[in-house]
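The structure appears below as structure tokens.
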Amino acid sequence: MKRKARILEADEIHRALVRMAHEILEHNRGAADLALIGVHTRGVPLAGRLAAQIASLEGSAPPVGQLDITLYRDDLSEIATQPVLHRTEVPFDVATKHLVLVDDVLYTGRTSRAALDALIDLGRPRSIQLAILVDRGHRELPIRADYVGKNLPTSRNEVVKVRLYEVDGGEDQVELWERP
Amino acid sequence: MRDLLDFAGWSKPDAEDLFATADVMAEVLRRPVKRVPALQGFTVCTAFFENSTRTRTSFELAARRMSADVVSFAAGTSSLAKGESLRDTVETLVAMGVDLIVVRHSASGAAHLVRRFAGVPVINGGDGARAHPTQALLDAYTLRAHWGELSGKRVVILGDVLHSRVARSNLELLPLLGAKVVLCGPANLLPQSLSGPNLEVSPDLDSALDGADAVMALRVQRERLEGGLGVSLPEYAARYQLNRSRLDRAGPRALLLHPGPMNRDVEISSDLAGDPRSCVLEQVHAGLAIRMAVLYHLLVGKKERAA
């Protein structure tokens, strides 16, 4: 695979998240009854960062949970390698909450579909919104994001690589790579 | 992992991987909707050639919690001879399109035999006096929930060790995880030749219990005592029945395990019912999570093998 372009630097990721935090607060008229759910793996630190931004604006941080959607994937009977399962931890009652689902990349929409099913099994949230760092298009399901860090037109043989220091070490960055 | 027949070839990381998956399954079991779609499209068959309501219910519920289809084949013990009939039955079930078979049989080695001609993953749900691996896994998982780590712990297995597949599987698994196993019971109910780095045999219950971190009381069949072995129940109870004062030798934080169903006032006295040290219901709950994890490990991501 070869690298095509650097899409976002660390400071641009930070500014995108600050803007998204403002948009979330604007849309929900504050942080009351708001909660964030990060999708494993890189949605988890992104949810934590958005919560910290919201806390610095509102004075208190919304509760944060983490969700592993593997058991809700629609291809488990077809795949040749076994995905490692991660813990789902949602330490609050979702039924009273407006949930913001957070993930790094929105592509086919299948992960978000699985996450919606998983969240609804945890209770009946008042609403679910979707926050995405990079929307690269090519949806296969009727899913759209409410908050987007960066819209990035891509082709299907390209790969969006998100690096976050909490998971990957080093500097935050988003790069576009191309498969041979 | 292709099948789960016993713990031959297992390492500690294999068990730890399974326990990590079981942690995820245990969280599913705490949700308002205790069901995930992970095994949609898979069919799990329980083929029980020997009666067992608990184990079969646990496997079937575990499969259903993951949205698998479940068929259950319960053979009466009478008409089915071993060998060809077992093979015919299993081949018929596989021809119906089941993706995995859980087999329970009174003959030691039956699960290994089924694996030879099944062509789908096989889980040993108990074969004769040989192995019952999911029981040992749920026992270890229950202990791990209390201790975090089994290394250096002392676990007494008490009773009819010789005829117990539960004991045999625990003898394979617990030392692998670093625990020391002490076998205790009448000499004619203990295996004659057994040795290992984390294994000890003690004919005296009180000394076995000193410093024990957990006691696993096995089912003792009254017929077996009084029939072949010539031990009367009062004689057995006097020396080996687990009761409160004996468990107190192991201390207030010792854990009590039993694979169920209990013969009250045979291997265990009624005064231990409801004892806070008893983990019996936790074991039942752990069994569901462990069996869900085993099904996930055996079924998901195995596409290329089937092709």
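Naming works like this for the structure tokens: A, B, ... for the chains as they're shown, residue 1 at the start of each chain, ligands 1 onward in shown order.
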Can you build me a table of chain B residues sitting at most 7 Å from chain A, with the closest atom pair per residue and its distance in Å to one decimal, using only C-alpha atoms, sorted by chain and residue number, as a Markdown table?
```
| residue | atom | partner | partner_atom | distance |
| --- | --- | --- | --- | --- |
| B:Thr21 | CA | A:Leu85 | CA | 6.2 |
| B:Val24 | CA | A:Arg87 | CA | 5.4 |
| B:Arg31 | CA | A:Leu122 | CA | 6.0 |
| B:Pro32 | CA | A:Leu122 | CA | 6.1 |
| B:Val33 | CA | A:Asp121 | CA | 5.3 |
| B:Val36 | CA | A:Leu71 | CA | 6.2 |
| B:Pro37 | CA | A:Tyr72 | CA | 5.7 |
| B:Ala38 | CA | A:Leu71 | CA | 4.5 |
| B:Gly41 | CA | A:Ser77 | CA | 6.8 |
| B:Val300 | CA | A:Gln82 | CA | 5.7 |
| B:Gly301 | CA | A:Gln82 | CA | 4.1 |
| B:Lys302 | CA | A:Ala80 | CA | 5.2 |
| B:Lys303 | CA | A:Ala80 | CA | 4.7 |
| B:Glu304 | CA | A:Ala80 | CA | 5.5 |
```
DSSP helix (DSSP H, G or I) residues within chain A, listed as a VMD selection string
chain A and resid 10 to 28 43 to 58 70 to 72 94 to 96 110 to 121 165 to 168
Quick one: residues within 10 Å of stretch 43-57 of chain A, only C-alpha atoms, excluding same-chain residues fewer than 5 positions away - as a PyMOL selection string?
chain A and resi 14+17-22+24-25+30-31+34-38+62-68+100-105+131-133+164-167
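For B:Glu50, the list of residues within 10 Å, based on only C-alpha atoms and with local chain neighbours fewer than 5 positions off taken out, reads B:Ala74, B:Ala75, B:Gly76, B:Thr77, B:Val103, B:Arg104, B:His105, B:Ser106, B:Ala107, B:Gly126, B:Asp127, B:Gly128.
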Name the residues of stretch 104-293 of chain B that fall into strand (DSSP E or B) according to DSSP on the backbone, using the chain letters and numbers of this document, as number ranges by chain.
B: 104-105, 122-127, 131, 154-158, 180-184, 199-202, 214-217, 242, 255-257, 264, 268, 278
Can you spit out the residues from that selection as a compact mmCIF listing (two decimals), in the first residue's frame, using N, CA and C atoms?
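Heads up, here's the output in part-v7.txt:
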```txt
# COMPACT_ATOMS: atom_id res chain seq x y z
N ARG B 104 -22.79 -35.56 24.65
CA ARG B 104 -22.66 -36.11 26.01
C ARG B 104 -22.91 -37.60 25.88
N HIS B 105 -22.03 -38.39 26.47
CA HIS B 105 -22.16 -39.85 26.33
C HIS B 105 -21.58 -40.52 27.57
N VAL B 122 -16.82 -30.17 17.39
CA VAL B 122 -17.47 -30.98 18.42
C VAL B 122 -17.07 -30.43 19.79
N ILE B 123 -18.05 -30.27 20.65
CA ILE B 123 -17.79 -29.93 22.05
C ILE B 123 -18.13 -31.15 22.89
N ASN B 124 -17.20 -31.52 23.75
CA ASN B 124 -17.44 -32.62 24.66
C ASN B 124 -18.27 -32.10 25.84
N GLY B 125 -19.51 -32.52 25.90
CA GLY B 125 -20.38 -32.12 27.01
C GLY B 125 -20.32 -33.11 28.16
N GLY B 126 -19.29 -33.95 28.15
CA GLY B 126 -19.10 -34.96 29.20
C GLY B 126 -19.07 -36.34 28.58
N ASP B 127 -17.94 -37.03 28.72
CA ASP B 127 -17.87 -38.41 28.21
C ASP B 127 -17.38 -39.32 29.32
N ALA B 131 -13.81 -36.64 30.59
CA ALA B 131 -13.63 -35.19 30.54
C ALA B 131 -14.97 -34.46 30.49
N ARG B 154 -4.68 -22.79 46.27
CA ARG B 154 -4.77 -24.21 46.63
C ARG B 154 -6.24 -24.61 46.56
N VAL B 155 -6.53 -25.56 45.66
CA VAL B 155 -7.91 -25.99 45.43
C VAL B 155 -8.04 -27.46 45.79
N VAL B 156 -8.91 -27.77 46.74
CA VAL B 156 -9.16 -29.15 47.14
C VAL B 156 -10.31 -29.72 46.32
N ILE B 157 -10.09 -30.86 45.70
CA ILE B 157 -11.17 -31.56 45.00
C ILE B 157 -11.50 -32.79 45.84
N LEU B 158 -12.75 -32.83 46.28
CA LEU B 158 -13.13 -33.77 47.34
C LEU B 158 -14.20 -34.73 46.86
N LYS B 180 -2.66 -25.02 42.62
CA LYS B 180 -2.27 -26.32 43.15
C LYS B 180 -3.54 -27.09 43.47
N VAL B 181 -3.62 -28.34 43.00
CA VAL B 181 -4.81 -29.14 43.23
C VAL B 181 -4.50 -30.23 44.25
N VAL B 182 -5.35 -30.34 45.27
CA VAL B 182 -5.22 -31.38 46.27
C VAL B 182 -6.42 -32.31 46.15
N LEU B 183 -6.17 -33.57 45.84
CA LEU B 183 -7.25 -34.53 45.70
C LEU B 183 -7.48 -35.20 47.04
N CYS B 184 -8.74 -35.30 47.44
CA CYS B 184 -9.03 -35.87 48.73
C CYS B 184 -10.25 -36.77 48.65
N LEU B 199 0.17 -31.04 41.90
CA LEU B 199 -0.80 -32.04 42.28
C LEU B 199 -0.39 -32.69 43.58
N GLU B 200 -1.38 -32.93 44.43
CA GLU B 200 -1.10 -33.55 45.71
C GLU B 200 -2.30 -34.44 46.03
N VAL B 201 -2.06 -35.56 46.69
CA VAL B 201 -3.15 -36.44 47.09
C VAL B 201 -3.16 -36.52 48.61
N SER B 202 -4.33 -36.34 49.19
CA SER B 202 -4.41 -36.41 50.65
C SER B 202 -5.60 -37.24 51.06
N ALA B 214 -10.00 -22.90 48.03
CA ALA B 214 -11.32 -23.31 47.53
C ALA B 214 -11.47 -24.81 47.69
N VAL B 215 -12.71 -25.23 47.85
CA VAL B 215 -13.03 -26.66 47.94
C VAL B 215 -14.08 -26.97 46.90
N MET B 216 -13.80 -27.96 46.09
CA MET B 216 -14.78 -28.42 45.11
C MET B 216 -15.29 -29.78 45.56
N ALA B 217 -16.56 -29.81 45.96
CA ALA B 217 -17.14 -31.08 46.41
C ALA B 217 -17.78 -31.76 45.21
N LEU B 242 -18.45 -32.75 53.52
CA LEU B 242 -18.08 -31.36 53.78
C LEU B 242 -19.20 -30.70 54.57
N LEU B 255 -13.65 -20.54 49.13
CA LEU B 255 -14.80 -20.64 48.23
C LEU B 255 -15.24 -22.09 48.12
N LEU B 256 -16.55 -22.27 47.99
CA LEU B 256 -17.11 -23.62 47.88
C LEU B 256 -17.73 -23.79 46.50
N LEU B 257 -17.24 -24.80 45.78
CA LEU B 257 -17.78 -25.10 44.45
C LEU B 257 -18.44 -26.48 44.48
N ARG B 264 -27.50 -33.65 48.97
CA ARG B 264 -27.39 -33.08 50.31
C ARG B 264 -27.27 -34.20 51.34
N ILE B 268 -22.13 -33.35 50.88
CA ILE B 268 -22.14 -32.00 51.45
C ILE B 268 -23.31 -31.92 52.44
N SER B 278 -20.47 -20.23 49.38
CA SER B 278 -20.90 -21.08 48.27
C SER B 278 -20.99 -20.30 46.97
```
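The smallest atom-to-atom distance between A:Glu178 and any of A:Arg156, A:Arg163, A:Gly109, A:Thr96, using only C-alpha atoms, is found for A:Arg156.
The closest residue to B:His112, picked from B:Ala8, B:Leu18, B:Val231, B:Leu209 and counting only C-alpha atoms, is B:Ala8.
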